[in-house]
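Shown next: run-v7.pdb, containing PDB, C-alpha atoms.
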```pdb
ATOM      1  CA  MET A 119       0.000   0.000   0.000
ATOM      2  CA  GLN A 120       2.855   2.295   0.814
ATOM      3  CA  ARG A 121       4.532   1.410  -2.467
ATOM      4  CA  ILE A 122       1.447   2.317  -4.356
ATOM      5  CA  ALA A 123       1.290   5.649  -2.625
ATOM      6  CA  LEU A 124       4.959   6.287  -3.398
ATOM      7  CA  TYR A 125       4.571   5.482  -7.082
ATOM      8  CA  SER A 126       1.516   7.617  -7.298
ATOM      9  CA  PHE A 127       3.369  10.502  -5.751
ATOM     10  CA  LEU A 128       6.241  10.033  -8.131
ATOM     11  CA  LEU A 129       3.879   9.873 -11.057
ATOM     12  CA  LEU A 130       2.309  13.101  -9.997
ATOM     13  CA  LEU A 131       5.684  14.786  -9.697
ATOM     14  CA  LEU A 132       6.965  13.730 -13.114
ATOM     15  CA  PRO A 133       4.778  15.944 -15.360
ATOM     16  CA  VAL A 134       5.545  18.946 -13.199
ATOM     17  CA  SER A 135       9.245  18.458 -13.583
ATOM     18  CA  GLY A 136       8.857  17.816 -17.371
ATOM     19  CA  THR A 137       6.983  21.064 -17.858
ATOM     20  CA  ARG A 138       9.650  22.945 -16.055
ATOM     21  CA  ALA A 139      12.283  21.437 -18.329
ATOM     22  CA  GLN A 140      10.304  22.379 -21.377
ATOM     23  CA  ASP A 141       9.924  25.895 -20.111
ATOM     24  CA  ALA A 142      13.639  26.115 -19.686
ATOM     25  CA  ILE A 143      14.313  25.005 -23.292
ATOM     26  CA  ALA A 144      11.718  27.354 -24.967
ATOM     27  CA  THR A 145      13.102  30.507 -23.462
ATOM     28  CA  PRO A 146      14.440  32.678 -26.429
ATOM     29  CA  THR A 147      17.952  33.768 -26.295
ATOM     30  CA  PRO A 148      19.000  36.986 -27.960
ATOM     31  CA  SER A 149      21.062  36.430 -31.102
ATOM     32  CA  ALA A 150      23.144  38.701 -33.290
ATOM     33  CA  PRO A 151      21.133  40.690 -35.960
ATOM     34  CA  LEU A 152      21.115  39.108 -39.365
ATOM     35  CA  PHE A 153      21.790  42.325 -41.302
ATOM     36  CA  GLU A 154      24.043  45.020 -40.175
ATOM     37  CA  GLU A 155      22.415  48.347 -40.777
ATOM     38  CA  ARG A 156      24.397  50.546 -43.096
ATOM     39  CA  PRO A 157      22.429  53.603 -44.140
ATOM     40  CA  PHE A 158      24.555  54.406 -47.191
ATOM     41  CA  GLY A 159      25.678  50.952 -47.995
ATOM     42  CA  PRO A 160      29.161  49.992 -48.933
ATOM     43  CA  ARG A 161      31.041  52.655 -50.819
ATOM     44  CA  PRO A 162      31.347  51.637 -54.450
ATOM     45  CA  LEU A 163      34.584  51.726 -56.219
ATOM     46  CA  GLU A 164      35.228  54.655 -58.536
ATOM     47  CA  THR A 165      34.320  54.060 -62.163
ATOM     48  CA  PRO A 166      37.406  54.116 -64.240
ATOM     49  CA  THR A 167      37.487  56.781 -66.996
ATOM     50  CA  PRO A 168      36.883  55.084 -70.314
ATOM     51  CA  MET A 169      39.779  54.983 -72.612
ATOM     52  CA  ARG A 170      39.396  56.730 -75.956
ATOM     53  CA  LYS A 171      38.893  54.183 -78.665
ATOM     54  CA  ILE A 172      41.445  54.134 -81.312
ATOM     55  CA  LYS A 173      39.662  54.662 -84.615
ATOM     56  CA  GLU A 174      40.275  51.860 -86.970
ATOM     57  CA  PRO A 175      40.721  52.769 -90.612
ATOM     58  CA  ASP A 176      37.430  52.326 -92.602
ATOM     59  CA  LYS A 177      37.206  49.576 -95.103
ATOM     60  CA  PRO A 178      37.010  51.117 -98.573
ATOM     61  CA  ILE A 179      33.693  50.481-100.419
ATOM     62  CA  PRO A 180      34.324  48.563-103.612
ATOM     63  CA  VAL A 181      34.089  50.683-106.748
ATOM     64  CA  GLY A 182      31.693  48.210-108.302
ATOM     65  CA  TRP A 183      29.276  48.746-105.431
ATOM     66  CA  ILE A 184      29.451  52.514-105.846
ATOM     67  CA  ILE A 185      28.809  52.283-109.575
ATOM     68  CA  GLY A 186      25.995  49.778-109.042
ATOM     69  CA  GLY A 187      24.362  51.931-106.376
ATOM     70  CA  ALA A 188      24.599  55.033-108.528
ATOM     71  CA  ALA A 189      23.121  53.144-111.470
ATOM     72  CA  ILE A 190      20.216  51.874-109.358
ATOM     73  CA  ILE A 191      19.522  55.362-108.008
ATOM     74  CA  ALA A 192      19.674  56.846-111.509
ATOM     75  CA  LEU A 193      17.365  54.123-112.844
ATOM     76  CA  GLY A 194      14.923  54.645-109.988
ATOM     77  CA  ALA A 195      14.905  58.385-110.558
ATOM     78  CA  ALA A 196      14.369  57.883-114.301
ATOM     79  CA  ILE A 197      11.448  55.498-113.705
ATOM     80  CA  PHE A 198       9.951  57.904-111.181
ATOM     81  CA  LEU A 199      10.260  60.854-113.581
ATOM     82  CA  TRP A 200       8.841  58.851-116.467
ATOM     83  CA  GLY A 201       5.875  57.748-114.378
ATOM     84  CA  SER A 202       5.273  61.281-113.148
ATOM     85  CA  ALA A 203       5.419  62.718-116.650
ATOM     86  CA  ARG A 204       3.050  60.046-117.919
ATOM     87  CA  GLN A 205       0.650  60.692-115.083
ATOM     88  CA  TRP A 206       0.894  64.407-115.662
ATOM     89  CA  HIS A 207       0.102  64.032-119.328
ATOM     90  CA  SER A 208      -2.706  61.524-118.880
ATOM     91  CA  SER A 209      -4.490  63.176-115.990
ATOM     92  CA  ASN A 210      -4.348  66.673-117.410
ATOM     93  CA  LEU A 211      -3.342  68.101-114.046
ATOM     94  CA  PHE A 212      -3.474  71.698-115.163
ATOM     95  CA  ASP A 213      -6.709  71.354-117.160
ATOM     96  CA  ARG A 214      -4.975  72.213-120.381
ATOM     97  CA  GLN A 215      -7.358  72.417-123.318
ATOM     98  CA  TYR A 216      -6.682  72.012-127.006
ATOM     99  CA  ARG A 217      -8.830  73.579-129.690
ATOM    100  CA  PHE A 218      -9.110  73.560-133.440
ATOM    101  CA  PRO A 219     -10.076  76.624-135.458
ATOM    102  CA  ARG A 220     -13.530  76.362-136.984
ATOM    103  CA  PRO A 221     -13.348  75.772-140.749
ATOM    104  CA  THR A 222     -15.103  78.432-142.814
ATOM    105  CA  LYS A 223     -16.039  76.039-145.622
ATOM    106  CA  VAL A 224     -17.000  72.421-145.680
ATOM    107  CA  ALA A 225     -17.559  70.020-148.541
ATOM    108  CA  VAL A 226     -20.942  68.503-147.762
ATOM    109  CA  ARG A 227     -21.271  64.982-149.164
ATOM    110  CA  PHE A 228     -23.842  62.195-149.499
ATOM    111  CA  GLY A 229     -26.594  64.346-148.033
ATOM    112  CA  ALA A 230     -24.948  64.184-144.603
ATOM    113  CA  LYS A 231     -24.835  67.237-142.374
ATOM    114  CA  ARG A 232     -22.482  66.089-139.645
ATOM    115  CA  CYS A 233     -19.924  63.757-141.134
ATOM    116  CA  GLY A 234     -18.920  63.318-144.756
ATOM    117  CA  GLY A 235     -17.419  59.877-144.401
ATOM    118  CA  HIS A 236     -13.853  61.036-143.762
ATOM    119  CA  MET A 237     -12.633  57.873-142.092
ATOM    120  CA  ALA A 238     -10.337  54.910-141.867
ATOM    121  CA  SER A 239     -11.116  51.319-141.133
ATOM    122  CA  VAL A 240      -9.163  48.330-139.971
ATOM    123  CA  ARG A 241      -9.515  44.604-139.715
ATOM    124  CA  LEU A 242      -8.768  43.707-136.136
ATOM    125  CA  GLY A 243      -6.064  41.149-135.922
ATOM    126  CA  ARG A 244      -4.238  42.328-139.011
ATOM    127  CA  SER A 245      -3.922  45.954-140.040
ATOM    128  CA  LYS A 246      -5.548  47.020-143.269
ATOM    129  CA  THR A 247      -6.470  50.323-144.879
ATOM    130  CA  LYS A 248      -9.847  50.175-146.473
ATOM    131  CA  ASN A 249      -9.981  53.519-148.139
ATOM    132  CA  SER A 250      -6.603  53.412-149.836
TER     133      SER A 250
ATOM    134  CA  MET J 175       3.214  84.677-140.798
ATOM    135  CA  LEU J 176       0.733  83.044-143.140
ATOM    136  CA  ALA J 177       0.567  79.319-143.447
ATOM    137  CA  PRO J 178       1.521  77.632-146.717
ATOM    138  CA  LEU J 179      -1.201  77.865-149.352
ATOM    139  CA  SER J 180      -0.720  74.288-150.404
ATOM    140  CA  TYR J 181      -2.816  73.120-147.468
ATOM    141  CA  LYS J 182      -5.894  71.312-148.734
ATOM    142  CA  CYS J 183      -8.766  69.465-147.273
ATOM    143  CA  PRO J 184      -8.461  65.705-147.341
ATOM    144  CA  SER J 185      -9.438  63.910-150.492
ATOM    145  CA  MET J 186     -13.055  62.804-150.545
ATOM    146  CA  LYS J 187     -13.818  59.138-150.778
ATOM    147  CA  CYS J 188     -16.968  57.126-150.687
ATOM    148  CA  PRO J 189     -17.201  55.270-147.351
ATOM    149  CA  SER J 190     -18.701  52.310-149.173
ATOM    150  CA  CYS J 191     -16.614  51.758-152.291
ATOM    151  CA  ALA J 192     -13.706  54.166-151.632
ATOM    152  CA  HIS J 193     -14.344  55.858-154.985
ATOM    153  CA  LEU J 194     -12.546  59.207-155.196
ATOM    154  CA  LEU J 195     -14.874  62.180-155.554
ATOM    155  CA  ASP J 196     -13.836  65.257-157.466
ATOM    156  CA  ALA J 197     -16.484  67.458-155.904
ATOM    157  CA  PRO J 198     -19.124  67.252-153.196
ATOM    158  CA  ALA J 199     -21.942  64.984-154.305
ATOM    159  CA  ASP J 200     -25.285  63.911-152.883
ATOM    160  CA  ARG J 201     -24.509  60.312-153.757
ATOM    161  CA  CYS J 202     -21.543  58.311-154.915
ATOM    162  CA  PRO J 203     -21.475  58.302-158.743
ATOM    163  CA  GLN J 204     -20.154  54.769-158.672
ATOM    164  CA  CYS J 205     -22.137  52.848-156.043
ATOM    165  CA  LYS J 206     -24.971  55.358-155.409
ATOM    166  CA  PHE J 207     -24.073  55.451-151.728
ATOM    167  CA  SER J 208     -25.957  58.116-149.765
ATOM    168  CA  LEU J 209     -27.181  58.734-146.247
ATOM    169  CA  SER J 210     -30.811  58.074-147.192
ATOM    170  CA  ARG J 211     -29.805  54.696-148.618
ATOM    171  CA  MET J 212     -28.082  53.886-145.347
ATOM    172  CA  ASP J 213     -31.263  54.830-143.501
ATOM    173  CA  MET J 214     -33.052  52.119-145.414
ATOM    174  CA  LYS J 215     -30.263  49.655-144.831
ATOM    175  CA  PHE J 216     -29.764  50.092-141.090
ATOM    176  CA  GLY J 217     -33.226  51.198-140.026
ATOM    177  CA  LEU J 218     -33.632  52.547-136.510
ATOM    178  CA  VAL J 219     -30.775  54.114-134.622
ATOM    179  CA  PRO J 220     -29.725  51.725-131.829
ATOM    180  CA  ALA J 221     -29.794  52.776-128.192
ATOM    181  CA  HIS J 222     -26.521  54.418-127.339
ATOM    182  CA  SER J 223     -24.868  56.513-124.663
ATOM    183  CA  ARG J 224     -22.710  59.587-124.853
ATOM    184  CA  PHE J 225     -19.245  58.089-124.508
ATOM    185  CA  LEU J 226     -19.281  54.318-124.661
ATOM    186  CA  THR J 227     -21.884  51.831-125.804
ATOM    187  CA  ASP J 228     -21.264  48.111-125.731
ATOM    188  CA  ARG J 229     -24.115  46.370-127.503
ATOM    189  CA  SER J 230     -22.202  43.113-127.641
ATOM    190  CA  GLY J 231     -21.792  42.801-123.869
ATOM    191  CA  THR J 232     -18.085  42.097-124.216
ATOM    192  CA  LEU J 233     -16.623  44.645-121.835
ATOM    193  CA  ALA J 234     -16.572  44.122-118.074
ATOM    194  CA  LEU J 235     -18.322  46.718-115.972
ATOM    195  CA  GLU J 236     -15.135  48.062-114.424
ATOM    196  CA  ASP J 237     -13.494  48.336-117.857
ATOM    197  CA  MET J 238     -16.476  50.318-119.091
ATOM    198  CA  GLU J 239     -16.245  52.680-116.132
ATOM    199  CA  GLN J 240     -12.555  53.203-116.714
ATOM    200  CA  LEU J 241     -13.010  53.790-120.436
ATOM    201  CA  ARG J 242     -15.838  56.248-119.805
ATOM    202  CA  GLY J 243     -13.523  58.110-117.440
ATOM    203  CA  MET J 244     -10.879  58.284-120.143
ATOM    204  CA  LEU J 245     -13.385  59.558-122.684
ATOM    205  CA  ARG J 246     -14.617  62.176-120.221
ATOM    206  CA  LEU J 247     -11.053  63.314-119.747
ATOM    207  CA  PHE J 248     -10.613  63.398-123.525
ATOM    208  CA  GLN J 249     -13.490  65.823-123.786
ATOM    209  CA  LYS J 250     -12.008  67.949-121.025
ATOM    210  CA  LYS J 251      -8.854  68.253-123.072
ATOM    211  CA  PHE J 252     -10.662  68.801-126.366
ATOM    212  CA  PRO J 253     -13.858  70.645-125.386
ATOM    213  CA  GLN J 254     -15.037  70.932-128.986
ATOM    214  CA  ALA J 255     -14.783  67.216-129.678
ATOM    215  CA  LEU J 256     -16.815  64.333-128.353
ATOM    216  CA  PHE J 257     -15.196  60.955-128.850
ATOM    217  CA  SER J 258     -17.792  58.189-128.778
ATOM    218  CA  ILE J 259     -17.222  54.464-129.060
ATOM    219  CA  LEU J 260     -19.862  51.970-130.093
ATOM    220  CA  ILE J 261     -19.231  48.231-129.997
ATOM    221  CA  THR J 262     -21.703  46.027-131.774
ATOM    222  CA  GLU J 263     -22.119  42.870-133.789
ATOM    223  CA  LEU J 264     -23.322  43.654-137.286
ATOM    224  CA  GLU J 265     -25.147  41.204-139.450
ATOM    225  CA  ALA J 266     -23.167  39.424-142.107
ATOM    226  CA  GLY J 267     -22.581  41.544-145.205
ATOM    227  CA  MET J 268     -22.855  44.861-143.403
ATOM    228  CA  SER J 269     -19.909  47.215-143.648
ATOM    229  CA  VAL J 270     -18.609  48.832-140.479
ATOM    230  CA  ALA J 271     -17.486  51.887-142.505
ATOM    231  CA  GLU J 272     -21.005  52.451-143.814
ATOM    232  CA  TYR J 273     -22.377  51.854-140.339
ATOM    233  CA  ALA J 274     -19.977  54.374-138.767
ATOM    234  CA  PHE J 275     -20.854  56.997-141.395
ATOM    235  CA  TRP J 276     -24.587  56.437-140.886
ATOM    236  CA  LEU J 277     -24.325  56.402-137.089
ATOM    237  CA  ALA J 278     -22.171  59.542-136.972
ATOM    238  CA  ASN J 279     -24.923  61.355-138.849
ATOM    239  CA  ARG J 280     -27.994  59.851-137.285
ATOM    240  CA  ALA J 281     -27.155  59.104-133.650
ATOM    241  CA  LYS J 282     -27.176  61.860-131.054
ATOM    242  CA  PHE J 283     -24.095  61.312-128.969
ATOM    243  CA  GLY J 284     -23.739  64.884-127.784
ATOM    244  CA  GLY J 285     -26.453  66.884-126.069
ATOM    245  CA  VAL J 286     -26.299  69.602-128.680
ATOM    246  CA  ASP J 287     -26.798  68.780-132.337
ATOM    247  CA  LYS J 288     -23.628  70.026-133.978
ATOM    248  CA  ALA J 289     -23.592  70.121-137.740
ATOM    249  CA  LEU J 290     -21.262  71.016-140.590
ATOM    250  CA  ALA J 291     -18.189  73.001-139.533
ATOM    251  CA  ASP J 292     -19.239  72.933-135.893
ATOM    252  CA  ASN J 293     -19.083  69.170-135.695
ATOM    253  CA  PHE J 294     -15.712  68.157-134.258
ATOM    254  CA  ASN J 295     -16.924  64.811-132.998
ATOM    255  CA  LEU J 296     -15.240  61.474-133.522
ATOM    256  CA  LEU J 297     -16.876  58.086-133.650
ATOM    257  CA  LEU J 298     -15.235  54.704-133.372
ATOM    258  CA  ALA J 299     -17.489  51.846-134.423
ATOM    259  CA  ILE J 300     -16.338  48.299-133.746
ATOM    260  CA  ASP J 301     -17.997  45.298-135.288
ATOM    261  CA  LEU J 302     -16.992  42.244-133.296
ATOM    262  CA  ALA J 303     -18.869  39.863-135.573
ATOM    263  CA  GLY J 304     -16.910  40.966-138.625
ATOM    264  CA  ASN J 305     -13.809  41.791-136.540
ATOM    265  CA  THR J 306     -13.544  45.231-138.112
ATOM    266  CA  ALA J 307     -13.499  48.818-136.870
ATOM    267  CA  ALA J 308     -13.970  52.255-138.430
ATOM    268  CA  LEU J 309     -13.062  55.683-137.107
ATOM    269  CA  THR J 310     -14.751  58.735-138.556
ATOM    270  CA  VAL J 311     -14.691  62.462-137.796
ATOM    271  CA  GLY J 312     -17.104  65.340-138.249
ATOM    272  CA  TYR J 313     -16.717  68.050-140.873
ATOM    273  CA  GLY J 314     -15.066  70.362-138.359
ATOM    274  CA  LEU J 315     -12.025  68.119-137.952
ATOM    275  CA  GLU J 316     -11.628  67.174-141.605
ATOM    276  CA  PRO J 317      -9.084  69.881-142.475
ATOM    277  CA  TYR J 318      -6.826  68.906-139.605
ATOM    278  CA  ILE J 319      -6.905  65.122-139.427
ATOM    279  CA  GLN J 320      -5.763  63.146-142.419
ATOM    280  CA  GLU J 321      -6.994  59.644-143.092
ATOM    281  CA  SER J 322      -3.481  58.450-142.364
ATOM    282  CA  ASP J 323      -3.822  59.845-138.828
ATOM    283  CA  LEU J 324      -7.070  57.968-138.356
ATOM    284  CA  GLN J 325      -5.460  54.869-139.778
ATOM    285  CA  ASP J 326      -2.598  55.162-137.281
ATOM    286  CA  VAL J 327      -5.102  55.297-134.440
ATOM    287  CA  LEU J 328      -6.863  52.186-135.692
ATOM    288  CA  ASP J 329      -3.575  50.398-136.230
ATOM    289  CA  GLU J 330      -2.727  51.128-132.606
ATOM    290  CA  LEU J 331      -6.083  49.667-131.594
ATOM    291  CA  ALA J 332      -5.458  46.528-133.634
ATOM    292  CA  ARG J 333      -1.893  46.209-132.346
ATOM    293  CA  ALA J 334      -2.930  46.520-128.698
ATOM    294  CA  MET J 335      -5.822  44.117-129.189
ATOM    295  CA  ARG J 336      -3.644  41.485-130.792
ATOM    296  CA  GLY J 337      -2.023  40.334-127.580
ATOM    297  CA  GLN J 338      -4.560  41.690-125.114
ATOM    298  CA  ASP J 339      -8.301  42.132-124.825
ATOM    299  CA  LEU J 340     -10.676  44.720-126.255
ATOM    300  CA  ALA J 341     -10.475  47.009-123.216
ATOM    301  CA  THR J 342      -6.691  47.190-123.461
ATOM    302  CA  GLY J 343      -6.969  47.998-127.144
ATOM    303  CA  LEU J 344      -9.463  50.765-126.504
ATOM    304  CA  ARG J 345      -7.318  52.291-123.783
ATOM    305  CA  ALA J 346      -4.316  52.331-126.100
ATOM    306  CA  CYS J 347      -6.479  53.785-128.867
ATOM    307  CA  ILE J 348      -7.777  56.646-126.694
ATOM    308  CA  GLU J 349      -4.288  57.485-125.451
ATOM    309  CA  PHE J 350      -2.853  57.417-128.953
ATOM    310  CA  LEU J 351      -5.626  59.595-130.350
ATOM    311  CA  THR J 352      -5.161  62.072-127.505
ATOM    312  CA  GLN J 353      -1.464  62.365-128.259
ATOM    313  CA  ARG J 354      -2.056  62.744-131.974
ATOM    314  CA  LEU J 355      -4.787  65.355-131.606
ATOM    315  CA  ARG J 356      -2.607  67.338-129.234
ATOM    316  CA  VAL J 357       0.070  67.582-131.905
ATOM    317  CA  LEU J 358      -2.466  68.290-134.652
ATOM    318  CA  SER J 359      -4.066  70.999-132.542
ATOM    319  CA  ALA J 360      -0.729  72.778-132.284
ATOM    320  CA  THR J 361      -0.180  72.615-136.056
ATOM    321  CA  ALA J 362      -3.808  73.558-136.770
ATOM    322  CA  ARG J 363      -3.192  77.088-135.541
ATOM    323  CA  SER J 364      -0.639  77.641-138.257
ATOM    324  CA  VAL J 365      -2.846  76.595-141.184
ATOM    325  CA  PRO J 366      -5.829  78.362-142.711
ATOM    326  CA  THR J 367      -9.144  77.376-141.228
ATOM    327  CA  HIS J 368     -10.966  77.019-144.514
ATOM    328  CA  ALA J 369     -11.029  73.758-146.336
ATOM    329  CA  VAL J 370      -9.933  74.196-149.920
ATOM    330  CA  LEU J 371     -11.677  71.841-152.222
ATOM    331  CA  PRO J 372      -9.445  69.841-154.527
ATOM    332  CA  ALA J 373      -9.314  71.163-158.063
TER     333      ALA J 373
END
```

Take the structure I supplied and represent it as C-alpha cells, if you would.
Amino acid sequence: MQRIALYSFLLLLLPVSGTRAQDAIATPTPSAPLFEERPFGPRPLETPTPMRKIKEPDKPIPVGWIIGGAAIIALGAAIFLWGSARQWHSSNLFDRQYRFPRPTKVAVRFGAKRCGGHMASVRLGRSKTKNS
Amino acid sequence: MLAPLSYKCPSMKCPSCAHLLDAPADRCPQCKFSLSRMDMKFGLVPAHSRFLTDRSGTLALEDMEQLRGMLRLFQKKFPQALFSILITELEAGMSVAEYAFWLANRAKFGGVDKALADNFNLLLAIDLAGNTAALTVGYGLEPYIQESDLQDVLDELARAMRGQDLATGLRACIEFLTQRLRVLSATARSVPTHAVLPA
C-alpha cells in the first residue's frame, strides 16, 4: 500500500518536472542581428574613366558597289520621272485644253450634215487600210 | 506669218466603195451610196450613250467605267470634240465603214446637235462579228486630221488588241488619239481654217 502511494506521488511529480524542463528550453535567447544596418551601404569603387577608342581605318567600299548603287539610283529616278510625266500628261493636271479653229467652208457629201465619211477602217487582228 | 497655201482638205472618198470624188456629191457616182440609202439599210438608230456603248456585252463593268472616265477626260482636253465608241455585232454583209458613217450622222451622242463646220466629234465603231473597226470624224475636224492619222489610231487599236483584250486595245487607242490630236491641234493654228476643195 505504501509502495502504491509512493509510485503515485512520483507519477504526480513527473509531469511537473517535465513542464519545467520544457519551459527552460523554450526561453528565447537573444542572437546577433542578421543584417548590419548601413544607411549608405558599402562605398562603391570609382568608375574608371573610359579609354578613348582608337579609330580603326574604314574599309574602302568597292568601286563596283558605288557604280551599281549610282546606277540603281539613276534608274529609280528615271522610272519615277517617267511615271510622273506620264501621269501628268494623262491626268491633265493643269486642265490644259486644245482647240481647233472652226473651218469656214465644208464640202458637204452624201446628203450628210455632220460627217462626210472622212474615215479609216481596220480589220482587227491584221492591219488594213480600207480607203486606200 | 501666213501658213503655206498648199494646205488642202483631205481627199473625198466614198465610205462604201472608196471611190474618189472630185467634188461634193449627194450620192456616190459609182455605187450610189448616200445617207438616205443607209437609212433604209440600217433602219432605226440603236440605243446608245454619250461616250461608250457596248451592244455586244463584251466589256466588263469596271473596264467600261474606266473607259468612260478616259473619254470624259478626252473631252475635257478637247472641249469641242466628243469621242464616242460603239461596240456592236453587225449582221453578215454589213460594212462597219457604212455603219460608222450612218451612225455619226444619225445618232445623237452629244447633247447639242452640232452640224457642218461645228461638228468636231469622232466616232469609233467596232464590229466584233466581222472583226472590223472604223473611225470617222465630223466636218469640223476634216481639215486637220488626215486619213493616215485615223489609220494610225486604228492600227494602234489593232496592235494593242492582238495580244490583249478589247479594253486594253481601246485604252491604247484613246491614249494614242489624244497624243495625236494634241500635236495636230498645235499645227492647226498655223494653217488656214478654210477647207480648200481639190481642183

Exercise for the section: Give as a list in words every residue of chain A that touches chain J within 6 Å, counting all atoms listed in the file. Expected result: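 Per the criterion, chain A yields Gln215, Tyr216, Phe218, Pro219, Pro221, Thr222, Lys223, Ala225, Val226, Arg227, Phe228, Gly229, Lys231, Arg232, Cys233, Gly235, His236, Met237, Ala238, Ser239, Val240, Arg241, Leu242, Gly243, Ser245 and Asn249 of chain A.
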
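Across the model, the gap from CA of Glu263 in chain J to CA of Phe225 in chain J is 18.1 Å.
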
Problem - For CA of Gly243 in chain J and CA of Leu226 in chain J, the interatomic separation in Å (one decimal) - result: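 So the answer is 10.0 Å.
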
Practice task
Go ahead and compute the interatomic distance for CA of Glu236 in chain J and CA of Leu260 in chain J, in Å to one decimal.
Solution key: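 These atoms are spaced 16.8 Å apart.
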
Can you report as JSON the centre and edge lengths in Å, to one decimal, of an axis-aligned box around the listed atoms of range 335-348 of chain J padded with 8 Å on each side?
```
{"center_x": -6.3, "center_y": 48.5, "center_z": -127.0, "size_x": 24.7, "size_y": 32.3, "size_z": 23.6}
```

Fill in the blank from the handout: Closest of J:Ala281, J:Leu344, J:Leu264, J:Ala303 to Ser223 in chain J, counting only C-alpha atoms, is J:Ala281
